[in-house]
>>> print(open('start.pdb').read())   # PDB, C-alpha atoms
ATOM      1  CA  MET V 213     107.331  82.062 100.118
ATOM      2  CA  VAL V 214     108.624  83.923 103.179
ATOM      3  CA  GLU V 215     108.940  82.135 106.511
ATOM      4  CA  LEU V 216     110.011  83.548 109.853
ATOM      5  CA  ASN V 217     110.607  80.925 112.518
ATOM      6  CA  SER V 218     110.865  82.044 116.168
ATOM      7  CA  VAL V 219     112.603  85.315 115.261
ATOM      8  CA  SER V 220     113.689  87.663 118.046
ATOM      9  CA  LYS V 221     115.572  90.954 117.826
ATOM     10  CA  SER V 222     116.761  93.458 120.424
ATOM     11  CA  PHE V 223     118.333  96.890 120.177
ATOM     12  CA  GLY V 224     120.187  97.423 123.423
ATOM     13  CA  SER V 225     117.670  97.023 126.232
ATOM     14  CA  VAL V 226     114.677  97.248 123.863
ATOM     15  CA  GLN V 227     113.322  93.948 122.592
ATOM     16  CA  ALA V 228     111.749  94.810 119.228
ATOM     17  CA  LEU V 229     110.618  91.284 118.295
ATOM     18  CA  LYS V 230     109.817  88.363 120.559
ATOM     19  CA  ASN V 231     109.708  84.899 119.029
ATOM     20  CA  ILE V 232     107.846  85.893 115.846
ATOM     21  CA  SER V 233     106.796  83.166 113.389
ATOM     22  CA  ILE V 234     104.898  83.969 110.189
ATOM     23  CA  SER V 235     104.450  82.385 106.767
ATOM     24  CA  ALA V 236     103.511  84.314 103.607
ATOM     25  CA  GLY V 237     102.837  82.178 100.537
ATOM     26  CA  ASN V 238     103.312  82.849  96.848
ATOM     27  CA  GLY V 239     100.518  84.513  94.904
ATOM     28  CA  ARG V 240      98.934  86.134  97.957
ATOM     29  CA  ALA V 241      99.078  89.512  99.673
ATOM     30  CA  TYR V 242      99.984  89.197 103.337
ATOM     31  CA  GLY V 243      99.267  92.119 105.670
ATOM     32  CA  LEU V 244     101.654  92.955 108.503
ATOM     33  CA  LEU V 245      99.808  95.179 110.975
ATOM     34  CA  GLY V 246     100.678  96.947 114.191
ATOM     35  CA  ARG V 247     100.795 100.282 115.938
ATOM     36  CA  ASN V 248     103.796 102.586 115.859
ATOM     37  CA  GLY V 249     106.705 100.810 117.523
ATOM     38  CA  ALA V 250     105.065  97.387 117.276
ATOM     39  CA  GLY V 251     107.914  95.819 115.292
ATOM     40  CA  LYS V 252     106.653  95.925 111.689
ATOM     41  CA  THR V 253     109.607  97.791 110.190
ATOM     42  CA  THR V 254     112.111  95.657 112.093
ATOM     43  CA  THR V 255     110.411  92.556 110.699
ATOM     44  CA  LEU V 256     110.600  93.868 107.136
ATOM     45  CA  ARG V 257     114.262  94.814 107.508
ATOM     46  CA  ILE V 258     115.113  91.376 108.849
ATOM     47  CA  ILE V 259     113.395  89.790 105.859
ATOM     48  CA  MET V 260     115.485  92.018 103.560
ATOM     49  CA  ASP V 261     118.637  90.995 105.492
ATOM     50  CA  ILE V 262     119.314  94.581 106.567
ATOM     51  CA  PHE V 263     119.114  93.450 110.206
ATOM     52  CA  LYS V 264     120.185  90.032 111.437
ATOM     53  CA  PRO V 265     117.903  88.337 113.960
ATOM     54  CA  ASP V 266     119.325  87.565 117.383
ATOM     55  CA  ARG V 267     117.540  84.226 117.297
ATOM     56  CA  GLY V 268     115.440  82.313 114.811
ATOM     57  CA  THR V 269     115.575  81.825 111.051
ATOM     58  CA  VAL V 270     114.271  83.641 107.983
ATOM     59  CA  LEU V 271     113.700  81.692 104.780
ATOM     60  CA  ILE V 272     112.811  83.017 101.340
ATOM     61  CA  ASP V 273     111.754  80.251  98.964
ATOM     62  CA  GLY V 274     113.386  77.777 101.343
ATOM     63  CA  GLN V 275     116.760  79.533 101.473
ATOM     64  CA  PRO V 276     118.205  81.705 104.275
ATOM     65  CA  ALA V 277     117.395  85.361 103.627
ATOM     66  CA  GLY V 278     121.049  86.357 103.195
ATOM     67  CA  LYS V 279     121.731  83.571 100.686
ATOM     68  CA  SER V 280     118.487  83.506  98.717
ATOM     69  CA  ASN V 281     118.565  84.332  95.013
ATOM     70  CA  ALA V 282     115.029  85.703  95.175
ATOM     71  CA  ARG V 283     114.712  89.234  93.802
ATOM     72  CA  ILE V 284     113.165  91.671  96.298
ATOM     73  CA  GLY V 285     111.316  94.876  95.463
ATOM     74  CA  TYR V 286     110.802  97.365  98.282
ATOM     75  CA  LEU V 287     108.528 100.396  98.444
ATOM     76  CA  PRO V 288     109.509 102.253 101.649
ATOM     77  CA  GLU V 289     107.229 104.524 103.619
ATOM     78  CA  GLU V 290     109.888 107.242 103.406
ATOM     79  CA  ARG V 291     110.718 108.172  99.829
ATOM     80  CA  GLY V 292     114.328 107.436  98.936
ATOM     81  CA  LEU V 293     114.772 108.643  95.350
ATOM     82  CA  TYR V 294     116.755 111.619  94.081
ATOM     83  CA  PRO V 295     114.411 114.612  93.686
ATOM     84  CA  ARG V 296     116.575 116.545  91.199
ATOM     85  CA  ARG V 297     117.311 113.666  88.838
ATOM     86  CA  LEU V 298     115.220 112.540  85.878
ATOM     87  CA  VAL V 299     112.769 109.746  86.691
ATOM     88  CA  GLY V 300     113.862 107.513  83.811
ATOM     89  CA  GLU V 301     117.552 108.077  84.525
ATOM     90  CA  GLN V 302     117.365 106.927  88.119
ATOM     91  CA  MET V 303     115.028 104.044  87.340
ATOM     92  CA  ILE V 304     117.626 102.706  84.922
ATOM     93  CA  TYR V 305     120.391 103.315  87.476
ATOM     94  CA  ILE V 306     118.564 101.350  90.169
ATOM     95  CA  GLY V 307     117.655  98.596  87.702
ATOM     96  CA  VAL V 308     121.329  98.163  86.798
ATOM     97  CA  LEU V 309     122.252  98.082  90.504
ATOM     98  CA  ARG V 310     119.799  95.209  90.855
ATOM     99  CA  GLY V 311     121.466  93.195  88.131
ATOM    100  CA  LEU V 312     119.639  94.235  84.963
ATOM    101  CA  SER V 313     121.336  95.248  81.752
ATOM    102  CA  LYS V 314     120.906  98.929  80.864
ATOM    103  CA  GLU V 315     118.680  97.975  77.923
ATOM    104  CA  THR V 316     116.411  95.767  80.060
ATOM    105  CA  ALA V 317     116.211  98.405  82.785
ATOM    106  CA  GLN V 318     115.189 101.029  80.235
ATOM    107  CA  LYS V 319     112.587  98.723  78.714
ATOM    108  CA  ASN V 320     111.130  97.849  82.137
ATOM    109  CA  ALA V 321     111.086 101.505  83.208
ATOM    110  CA  LYS V 322     109.085 102.608  80.173
ATOM    111  CA  ARG V 323     106.693  99.657  80.485
ATOM    112  CA  LEU V 324     106.034 100.292  84.179
ATOM    113  CA  LEU V 325     105.429 104.007  83.702
ATOM    114  CA  LYS V 326     102.962 103.171  80.952
ATOM    115  CA  GLU V 327     101.152 100.670  83.189
ATOM    116  CA  LEU V 328     100.977 103.333  85.902
ATOM    117  CA  GLU V 329      99.534 105.730  83.294
ATOM    118  CA  VAL V 330     102.407 108.231  83.597
ATOM    119  CA  PRO V 331     104.713 107.541  80.598
ATOM    120  CA  GLU V 332     105.407 111.282  80.240
ATOM    121  CA  PHE V 333     107.253 111.278  83.581
ATOM    122  CA  TYR V 334     110.213 109.416  82.079
ATOM    123  CA  GLN V 335     111.892 112.741  81.194
ATOM    124  CA  ARG V 336     110.687 114.662  84.265
ATOM    125  CA  LYS V 337     112.585 115.443  87.442
ATOM    126  CA  LEU V 338     111.088 113.778  90.483
ATOM    127  CA  GLU V 339     110.779 117.050  92.403
ATOM    128  CA  THR V 340     108.334 118.399  89.785
ATOM    129  CA  LEU V 341     105.790 115.668  90.568
ATOM    130  CA  SER V 342     103.025 115.666  93.151
ATOM    131  CA  LYS V 343     103.328 113.556  96.293
ATOM    132  CA  GLY V 344     100.975 110.944  94.874
ATOM    133  CA  ASN V 345     102.841 110.695  91.575
ATOM    134  CA  GLN V 346     106.153 110.389  93.415
ATOM    135  CA  GLN V 347     104.621 107.419  95.226
ATOM    136  CA  LYS V 348     103.768 105.841  91.861
ATOM    137  CA  ILE V 349     107.395 106.273  90.776
ATOM    138  CA  GLN V 350     108.505 104.578  94.012
ATOM    139  CA  LEU V 351     106.301 101.618  93.096
ATOM    140  CA  ALA V 352     107.761 101.500  89.587
ATOM    141  CA  VAL V 353     111.259 101.426  91.100
ATOM    142  CA  ALA V 354     110.230  98.592  93.428
ATOM    143  CA  LEU V 355     109.065  96.613  90.376
ATOM    144  CA  ILE V 356     111.952  97.478  88.042
ATOM    145  CA  SER V 357     113.819  94.189  88.576
ATOM    146  CA  GLU V 358     110.657  92.030  88.256
ATOM    147  CA  PRO V 359     110.922  90.898  91.906
ATOM    148  CA  ASP V 360     109.832  87.560  93.331
ATOM    149  CA  LEU V 361     109.029  89.218  96.665
ATOM    150  CA  LEU V 362     107.387  92.647  96.822
ATOM    151  CA  ILE V 363     107.426  94.532 100.136
ATOM    152  CA  LEU V 364     105.063  97.508 100.395
ATOM    153  CA  ASP V 365     105.292  99.786 103.437
ATOM    154  CA  GLU V 366     102.329 102.225 103.555
ATOM    155  CA  PRO V 367     101.959 102.109  99.753
ATOM    156  CA  PHE V 368      98.786 104.226  99.559
ATOM    157  CA  SER V 369     100.245 107.222 101.368
ATOM    158  CA  GLY V 370      99.412 110.404  99.449
ATOM    159  CA  LEU V 371      97.366 108.673  96.750
ATOM    160  CA  ASP V 372      93.923 109.847  95.689
ATOM    161  CA  PRO V 373      91.266 107.150  95.038
ATOM    162  CA  VAL V 374      91.996 106.993  91.274
ATOM    163  CA  ASN V 375      95.736 106.525  91.728
ATOM    164  CA  ALA V 376      95.144 104.116  94.622
ATOM    165  CA  LYS V 377      93.089 101.924  92.282
ATOM    166  CA  ILE V 378      95.856 101.967  89.663
ATOM    167  CA  LEU V 379      98.358 100.848  92.282
ATOM    168  CA  LYS V 380      96.015  98.097  93.494
ATOM    169  CA  ASP V 381      95.531  96.806  89.970
ATOM    170  CA  ILE V 382      99.293  96.683  89.366
ATOM    171  CA  VAL V 383      99.985  94.852  92.619
ATOM    172  CA  LYS V 384      97.093  92.429  92.088
ATOM    173  CA  MET V 385      98.663  91.630  88.732
ATOM    174  CA  GLN V 386     101.888  90.782  90.571
ATOM    175  CA  SER V 387      99.929  88.511  92.891
ATOM    176  CA  ALA V 388      98.335  86.775  89.892
ATOM    177  CA  LEU V 389     101.845  86.138  88.555
ATOM    178  CA  GLY V 390     102.610  84.175  91.715
ATOM    179  CA  LYS V 391     104.703  86.801  93.481
ATOM    180  CA  THR V 392     104.797  87.017  97.276
ATOM    181  CA  ILE V 393     103.550  90.374  98.575
ATOM    182  CA  LEU V 394     104.110  91.718 102.073
ATOM    183  CA  PHE V 395     101.926  94.696 102.841
ATOM    184  CA  SER V 396     102.231  96.994 105.852
ATOM    185  CA  SER V 397      99.709  99.770 106.453
ATOM    186  CA  HIS V 398      97.704 101.632 109.079
ATOM    187  CA  GLN V 399      94.761 101.954 106.666
ATOM    188  CA  MET V 400      92.590  99.025 107.697
ATOM    189  CA  SER V 401      90.107  99.458 104.851
ATOM    190  CA  GLN V 402      92.929  99.100 102.318
ATOM    191  CA  VAL V 403      94.318  96.047 104.080
ATOM    192  CA  GLU V 404      90.871  94.429 104.266
ATOM    193  CA  GLU V 405      90.332  94.940 100.551
ATOM    194  CA  PHE V 406      93.839  94.028  99.498
ATOM    195  CA  CYS V 407      95.079  91.167 101.696
ATOM    196  CA  GLU V 408      93.936  87.596 102.159
ATOM    197  CA  GLU V 409      95.980  86.946 105.287
ATOM    198  CA  ILE V 410      97.210  89.152 108.110
ATOM    199  CA  CYS V 411      99.471  89.118 111.126
ATOM    200  CA  ILE V 412      98.972  91.623 113.939
ATOM    201  CA  ILE V 413     102.056  92.431 115.995
ATOM    202  CA  ASN V 414     101.760  94.212 119.327
ATOM    203  CA  LYS V 415     104.834  95.267 121.315
ATOM    204  CA  GLY V 416     107.028  92.873 119.373
ATOM    205  CA  GLU V 417     104.793  89.841 119.770
ATOM    206  CA  LYS V 418     102.427  88.175 117.333
ATOM    207  CA  VAL V 419      98.910  88.424 118.732
ATOM    208  CA  LEU V 420      96.883  87.216 115.735
ATOM    209  CA  GLU V 421      97.517  85.551 112.368
ATOM    210  CA  GLY V 422      95.337  83.952 109.716
ATOM    211  CA  ARG V 423      92.994  84.498 106.801
ATOM    212  CA  ILE V 424      90.821  87.564 107.309
ATOM    213  CA  ASP V 425      87.632  85.639 106.462
ATOM    214  CA  ASP V 426      88.460  82.890 108.964
ATOM    215  CA  ILE V 427      89.317  85.415 111.680
ATOM    216  CA  LYS V 428      86.002  87.196 111.226
ATOM    217  CA  ARG V 429      84.061  83.935 111.266
ATOM    218  CA  SER V 430      85.704  83.028 114.580
ATOM    219  CA  TYR V 431      83.864  85.886 116.314
ATOM    220  CA  PRO V 432      80.331  85.409 117.763
ATOM    221  CA  ARG V 433      77.733  85.655 114.992
ATOM    222  CA  ASN V 434      74.839  86.896 117.065
ATOM    223  CA  ILE V 435      74.409  90.456 115.747
ATOM    224  CA  TYR V 436      72.231  90.882 112.660
ATOM    225  CA  TYR V 437      71.672  93.874 110.431
ATOM    226  CA  ALA V 438      68.430  94.440 108.548
ATOM    227  CA  SER V 439      67.325  97.119 106.136
ATOM    228  CA  ILE V 440      63.753  97.552 104.933
ATOM    229  CA  GLY V 441      64.553 100.097 102.228
ATOM    230  CA  GLY V 442      63.385 103.167 104.092
ATOM    231  CA  TYR V 443      63.086 104.886 107.442
ATOM    232  CA  VAL V 444      62.819 102.515 110.405
ATOM    233  CA  PRO V 445      60.099 103.760 112.815
ATOM    234  CA  ASP V 446      60.443 103.342 116.559
ATOM    235  CA  GLU V 447      57.248 101.297 116.552
ATOM    236  CA  LEU V 448      58.835  98.640 114.363
ATOM    237  CA  LEU V 449      61.890  98.386 116.621
ATOM    238  CA  SER V 450      59.687  98.003 119.690
ATOM    239  CA  ALA V 451      57.470  95.394 118.023
ATOM    240  CA  VAL V 452      60.441  93.314 116.855
ATOM    241  CA  SER V 453      62.008  93.481 120.324
ATOM    242  CA  ASN V 454      58.772  92.401 122.001
ATOM    243  CA  ALA V 455      58.261  89.559 119.533
ATOM    244  CA  LEU V 456      61.737  88.200 120.213
ATOM    245  CA  GLY V 457      61.389  88.444 123.981
ATOM    246  CA  SER V 458      64.457  87.103 125.824
ATOM    247  CA  TRP V 459      66.196  86.384 122.525
ATOM    248  CA  CYS V 460      66.668  90.131 122.017
ATOM    249  CA  LYS V 461      69.685  91.475 123.915
ATOM    250  CA  GLY V 462      69.480  94.852 122.220
ATOM    251  CA  ILE V 463      68.149  96.641 119.166
ATOM    252  CA  ARG V 464      69.187  99.966 117.652
ATOM    253  CA  ARG V 465      68.807 101.989 114.499
ATOM    254  CA  LYS V 466      71.934 101.805 112.306
ATOM    255  CA  GLY V 467      72.262 103.855 109.133
ATOM    256  CA  LEU V 468      69.330 103.027 106.849
ATOM    257  CA  GLY V 469      68.480  99.911 108.844
ATOM    258  CA  PHE V 470      68.837  98.479 112.324
ATOM    259  CA  GLU V 471      70.960  96.027 114.292
ATOM    260  CA  VAL V 472      69.707  93.337 116.643
ATOM    261  CA  ALA V 473      71.874  91.499 119.172
ATOM    262  CA  LEU V 474      70.515  88.012 119.811
ATOM    263  CA  SER V 475      71.134  85.903 122.885
ATOM    264  CA  ASP V 476      71.262  82.858 120.619
ATOM    265  CA  PRO V 477      72.485  83.056 116.987
ATOM    266  CA  SER V 478      69.997  80.302 116.048
ATOM    267  CA  ALA V 479      67.174  82.801 116.672
ATOM    268  CA  ARG V 480      67.882  84.534 113.360
ATOM    269  CA  GLY V 481      64.837  82.814 111.823
ATOM    270  CA  ALA V 482      62.620  84.202 114.565
ATOM    271  CA  LEU V 483      64.118  87.656 113.956
ATOM    272  CA  PHE V 484      63.343  87.480 110.242
ATOM    273  CA  ASP V 485      59.774  86.347 110.965
ATOM    274  CA  ALA V 486      59.292  89.139 113.519
ATOM    275  CA  ILE V 487      60.260  91.734 110.920
ATOM    276  CA  ARG V 488      57.927  90.221 108.292
ATOM    277  CA  LYS V 489      55.020  90.156 110.735
ATOM    278  CA  GLN V 490      55.279  93.940 111.007
ATOM    279  CA  GLY V 491      54.577  94.192 107.281
ATOM    280  CA  ALA V 492      58.199  94.915 106.379
ATOM    281  CA  THR V 493      60.289  92.942 103.903
ATOM    282  CA  PRO V 494      64.040  93.071 104.608
ATOM    283  CA  GLU V 495      66.034  94.142 101.546
ATOM    284  CA  VAL V 496      69.206  93.314 103.496
ATOM    285  CA  PHE V 497      69.409  90.704 106.239
ATOM    286  CA  THR V 498      72.894  89.650 107.233
ATOM    287  CA  VAL V 499      75.109  88.772 110.160
ATOM    288  CA  LYS V 500      77.313  91.645 111.278
ATOM    289  CA  GLU V 501      80.961  90.627 111.293
ATOM    290  CA  PRO V 502      83.571  92.762 113.031
ATOM    291  CA  SER V 503      85.561  95.042 110.753
ATOM    292  CA  LEU V 504      89.307  94.599 110.537
ATOM    293  CA  GLU V 505      89.644  97.937 112.319
ATOM    294  CA  GLU V 506      87.576  96.642 115.254
ATOM    295  CA  ILE V 507      89.676  93.475 115.412
ATOM    296  CA  PHE V 508      92.878  95.515 115.253
ATOM    297  CA  VAL V 509      91.777  97.792 118.101
ATOM    298  CA  GLU V 510      90.864  94.759 120.204
ATOM    299  CA  LYS V 511      94.192  93.013 119.618
ATOM    300  CA  ALA V 512      96.547  96.001 119.519
ATOM    301  CA  GLY V 513      94.700  98.645 121.523
ATOM    302  CA  GLY V 514      96.207 100.933 124.113
ATOM    303  CA  SER V 515      98.473 103.942 123.835
ATOM    304  CA  ASP V 516     101.060 104.290 121.066
ATOM    305  CA  GLU V 517     104.649 103.480 121.828
ATOM    306  CA  THR V 518     106.938 106.457 121.989
ATOM    307  CA  GLY V 519     110.173 106.795 120.095
ATOM    308  CA  ASP V 520     111.213 105.433 116.737
ATOM    309  CA  GLU V 521     109.220 102.910 114.751
ATOM    310  CA  ASN V 522     110.674  99.409 115.265
TER     311      ASN V 522
END
>>> encode(input="start.pdb", output="structure tokens")
Amino acid sequence: MVELNSVSKSFGSVQALKNISISAGNGRAYGLLGRNGAGKTTTLRIIMDIFKPDRGTVLIDGQPAGKSNARIGYLPEERGLYPRRLVGEQMIYIGVLRGLSKETAQKNAKRLLKELEVPEFYQRKLETLSKGNQQKIQLAVALISEPDLLILDEPFSGLDPVNAKILKDIVKMQSALGKTILFSSHQMSQVEEFCEEICIINKGEKVLEGRIDDIKRSYPRNIYYASIGGYVPDELLSAVSNALGSWCKGIRRKGLGFEVALSDPSARGALFDAIRKQGATPEVFTVKEPSLEEIFVEKAGGSDETGDEN
């Protein structure tokens, strides 16, 4: 488990973090979200004890970050491996630096490359690999020491859908093993699929934290989507709107169906009946929850910060 309690950090006159408190439990993927300059990278570096907080505490499995025995694996957004060295050679080197014997590091390297479906890269130079395959090697390096805490910063950068799925499967396996996973990304669809809990940071301050499902359920549930399995004629939209009367705040065609905004969420039964009375049977009838991207824009909207990422 990773806990930040009232953490603040400044660089000169710039306050990068302001009284941040978060808690990421074992066996779950926790998403750290924010725009450029929001404070995500500073937070990750404080957790790894690269930066010291000005105020507040950081605990990993109940111990201060600088004194914890927890093994940490880190996949950085910027690649940090040696392009002209053999993949297997530098994986072993980094494994030994992290406390493994040479034999264990070699065994782990070969196992991880096999799990990532690239065992042939063991004897290849990194520079000969595509951007996506280099990203897979970065993940293997992050996992080489069998870490207790795995930190992933933009892990899907450069990956095609097939390789992205392989990476997801590997990381979900780590989650199933009870590892703590911190995940930072701008790709909201990946975060929504991958993480159970999120924290949104905006200009160094926490603006939202919690389980994604709970956050979505906290929003008004008065917009419904219906699909009747074919084209939606204007006449049907008009008839449904008229049948609902003042309960209908708006109705519009959406994709292969239509959305209705109700003045009262309890009118969903009347909406369903109004559709049926027009001789249509909804194949899909569901409340429309906000996407994580919509929530992110609401909580962290506005212009990007200029300068370096903090």
>>> closest_residue(input="start.pdb", among="V:Val419, V:Ile463, V:Ile363, V:Leu216", to="Ser397 of chain V", atoms="only C-alpha atoms")
V:Ile363
>>> resolve_selection(input="start.pdb", expression="the PyMOL selection byres ((chain V and resi 458) around 12)", output="PyMOL selection string")
chain V and resi 452-457+459-462+473-476+479+482-483
>>> write_last_selection(input="start.pdb", atoms="C-alpha atoms", output="mmCIF file, keeping the file's coordinate frame")
data_model
loop_
_atom_site.group_PDB
_atom_site.id
_atom_site.type_symbol
_atom_site.label_atom_id
_atom_site.label_comp_id
_atom_site.auth_asym_id
_atom_site.auth_seq_id
_atom_site.Cartn_x
_atom_site.Cartn_y
_atom_site.Cartn_z
ATOM 1 C CA VAL V 452 60.441 93.314 116.855
ATOM 2 C CA SER V 453 62.008 93.481 120.324
ATOM 3 C CA ASN V 454 58.772 92.401 122.001
ATOM 4 C CA ALA V 455 58.261 89.559 119.533
ATOM 5 C CA LEU V 456 61.737 88.200 120.213
ATOM 6 C CA GLY V 457 61.389 88.444 123.981
ATOM 7 C CA TRP V 459 66.196 86.384 122.525
ATOM 8 C CA CYS V 460 66.668 90.131 122.017
ATOM 9 C CA LYS V 461 69.685 91.475 123.915
ATOM 10 C CA GLY V 462 69.480 94.852 122.220
ATOM 11 C CA ALA V 473 71.874 91.499 119.172
ATOM 12 C CA LEU V 474 70.515 88.012 119.811
ATOM 13 C CA SER V 475 71.134 85.903 122.885
ATOM 14 C CA ASP V 476 71.262 82.858 120.619
ATOM 15 C CA ALA V 479 67.174 82.801 116.672
ATOM 16 C CA ALA V 482 62.620 84.202 114.565
ATOM 17 C CA LEU V 483 64.118 87.656 113.956
#
>>> closest_residue(input="start.pdb", among="V:Ile487, V:Cys411, V:Ala438, V:Ile304", to="Tyr242 of chain V", atoms="all atoms listed in the file")
V:Cys411
>>> resolve_selection(input="start.pdb", expression="the PyMOL selection byres ((chain V and resi 510) around 12)", output="list in words")
Gly246, Ile412, Asn414, Val419, Leu420, Tyr431, Pro502, Ser503, Leu504, Glu505, Glu506, Ile507, Phe508, Val509, Lys511, Ala512, Gly513 and Gly514 of chain V
>>> write_last_selection(input="start.pdb", atoms="C-alpha atoms", output="PDB file, in the frame of the given file")
ATOM      1  CA  GLY V 246     100.678  96.947 114.191  1.00  0.00           C
ATOM      2  CA  ILE V 412      98.972  91.623 113.939  1.00  0.00           C
ATOM      3  CA  ASN V 414     101.760  94.212 119.327  1.00  0.00           C
ATOM      4  CA  VAL V 419      98.910  88.424 118.732  1.00  0.00           C
ATOM      5  CA  LEU V 420      96.883  87.216 115.735  1.00  0.00           C
ATOM      6  CA  TYR V 431      83.864  85.886 116.314  1.00  0.00           C
ATOM      7  CA  PRO V 502      83.571  92.762 113.031  1.00  0.00           C
ATOM      8  CA  SER V 503      85.561  95.042 110.753  1.00  0.00           C
ATOM      9  CA  LEU V 504      89.307  94.599 110.537  1.00  0.00           C
ATOM     10  CA  GLU V 505      89.644  97.937 112.319  1.00  0.00           C
ATOM     11  CA  GLU V 506      87.576  96.642 115.254  1.00  0.00           C
ATOM     12  CA  ILE V 507      89.676  93.475 115.412  1.00  0.00           C
ATOM     13  CA  PHE V 508      92.878  95.515 115.253  1.00  0.00           C
ATOM     14  CA  VAL V 509      91.777  97.792 118.101  1.00  0.00           C
ATOM     15  CA  LYS V 511      94.192  93.013 119.618  1.00  0.00           C
ATOM     16  CA  ALA V 512      96.547  96.001 119.519  1.00  0.00           C
ATOM     17  CA  GLY V 513      94.700  98.645 121.523  1.00  0.00           C
ATOM     18  CA  GLY V 514      96.207 100.933 124.113  1.00  0.00           C
TER      19      GLY V 514
END
>>> atom_distance(input="start.pdb", atom1="atom CA of Asn375 of chain V", atom2="atom CA of Pro295 of chain V")
20.4 Å
>>> closest_residue(input="start.pdb", among="V:Leu293, V:Ala317, V:Leu271, V:Leu394", to="Gln350 of chain V", atoms="only C-alpha atoms")
V:Leu293
>>> closest_residue(input="start.pdb", among="V:Lys279, V:Arg247, V:Lys466, V:Lys428", to="Glu409 of chain V", atoms="only C-alpha atoms")
V:Lys428
>>> closest_residue(input="start.pdb", among="V:Gln386, V:Asn434, V:Asn345, V:Ser225", to="Pro359 of chain V", atoms="all atoms listed in the file")
V:Gln386
>>> resolve_selection(input="start.pdb", expression="the PyMOL selection byres ((chain V and resi 302) around 12)", output="PyMOL selection string")
chain V and resi 292-301+303-309+314+317-318+321+333-338+349-350+352-353+356
>>> write_last_selection(input="start.pdb", atoms="C-alpha atoms", output="PDB file, in the coordinates of the input")
ATOM      1  CA  GLY V 292     114.328 107.436  98.936  1.00  0.00           C
ATOM      2  CA  LEU V 293     114.772 108.643  95.350  1.00  0.00           C
ATOM      3  CA  TYR V 294     116.755 111.619  94.081  1.00  0.00           C
ATOM      4  CA  PRO V 295     114.411 114.612  93.686  1.00  0.00           C
ATOM      5  CA  ARG V 296     116.575 116.545  91.199  1.00  0.00           C
ATOM      6  CA  ARG V 297     117.311 113.666  88.838  1.00  0.00           C
ATOM      7  CA  LEU V 298     115.220 112.540  85.878  1.00  0.00           C
ATOM      8  CA  VAL V 299     112.769 109.746  86.691  1.00  0.00           C
ATOM      9  CA  GLY V 300     113.862 107.513  83.811  1.00  0.00           C
ATOM     10  CA  GLU V 301     117.552 108.077  84.525  1.00  0.00           C
ATOM     11  CA  MET V 303     115.028 104.044  87.340  1.00  0.00           C
ATOM     12  CA  ILE V 304     117.626 102.706  84.922  1.00  0.00           C
ATOM     13  CA  TYR V 305     120.391 103.315  87.476  1.00  0.00           C
ATOM     14  CA  ILE V 306     118.564 101.350  90.169  1.00  0.00           C
ATOM     15  CA  GLY V 307     117.655  98.596  87.702  1.00  0.00           C
ATOM     16  CA  VAL V 308     121.329  98.163  86.798  1.00  0.00           C
ATOM     17  CA  LEU V 309     122.252  98.082  90.504  1.00  0.00           C
ATOM     18  CA  LYS V 314     120.906  98.929  80.864  1.00  0.00           C
ATOM     19  CA  ALA V 317     116.211  98.405  82.785  1.00  0.00           C
ATOM     20  CA  GLN V 318     115.189 101.029  80.235  1.00  0.00           C
ATOM     21  CA  ALA V 321     111.086 101.505  83.208  1.00  0.00           C
ATOM     22  CA  PHE V 333     107.253 111.278  83.581  1.00  0.00           C
ATOM     23  CA  TYR V 334     110.213 109.416  82.079  1.00  0.00           C
ATOM     24  CA  GLN V 335     111.892 112.741  81.194  1.00  0.00           C
ATOM     25  CA  ARG V 336     110.687 114.662  84.265  1.00  0.00           C
ATOM     26  CA  LYS V 337     112.585 115.443  87.442  1.00  0.00           C
ATOM     27  CA  LEU V 338     111.088 113.778  90.483  1.00  0.00           C
ATOM     28  CA  ILE V 349     107.395 106.273  90.776  1.00  0.00           C
ATOM     29  CA  GLN V 350     108.505 104.578  94.012  1.00  0.00           C
ATOM     30  CA  ALA V 352     107.761 101.500  89.587  1.00  0.00           C
ATOM     31  CA  VAL V 353     111.259 101.426  91.100  1.00  0.00           C
ATOM     32  CA  ILE V 356     111.952  97.478  88.042  1.00  0.00           C
TER      33      ILE V 356
END
>>> residues_around(input="start.pdb", residues="Lys348 of chain V", least_positions_apart="6", cutoff="10 Å", atoms="only C-alpha atoms", output="JSON list (two decimals) with C-alpha atoms, in the coordinates of the input")
[["chain", "number", "residue", "atom", "x", "y", "z"],
["V", 287, "LEU", "CA", 108.53, 100.40, 98.44],
["V", 324, "LEU", "CA", 106.03, 100.29, 84.18],
["V", 325, "LEU", "CA", 105.43, 104.01, 83.70],
["V", 328, "LEU", "CA", 100.98, 103.33, 85.90],
["V", 329, "GLU", "CA", 99.53, 105.73, 83.29],
["V", 330, "VAL", "CA", 102.41, 108.23, 83.60],
["V", 342, "SER", "CA", 103.02, 115.67, 93.15],
["V", 354, "ALA", "CA", 110.23, 98.59, 93.43],
["V", 367, "PRO", "CA", 101.96, 102.11, 99.75],
["V", 368, "PHE", "CA", 98.79, 104.23, 99.56],
["V", 370, "GLY", "CA", 99.41, 110.40, 99.45],
["V", 371, "LEU", "CA", 97.37, 108.67, 96.75],
["V", 375, "ASN", "CA", 95.74, 106.52, 91.73],
["V", 376, "ALA", "CA", 95.14, 104.12, 94.62],
["V", 378, "ILE", "CA", 95.86, 101.97, 89.66],
["V", 379, "LEU", "CA", 98.36, 100.85, 92.28]]
>>> atom_distance(input="start.pdb", atom1="atom CA of Ala228 of chain V", atom2="atom CA of Gly251 of chain V")
5.6 Å
>>> closest_residue(input="start.pdb", among="V:Asp425, V:Glu332, V:Glu405, V:Glu289", to="Asp381 of chain V", atoms="all atoms listed in the file")
V:Glu405
>>> residues_around(input="start.pdb", residues="Ile232 of chain V", least_positions_apart="6", cutoff="10 Å", atoms="only C-alpha atoms", output="PyMOL selection string")
chain V and resi 216-221+251+255+267-269+413+416-419
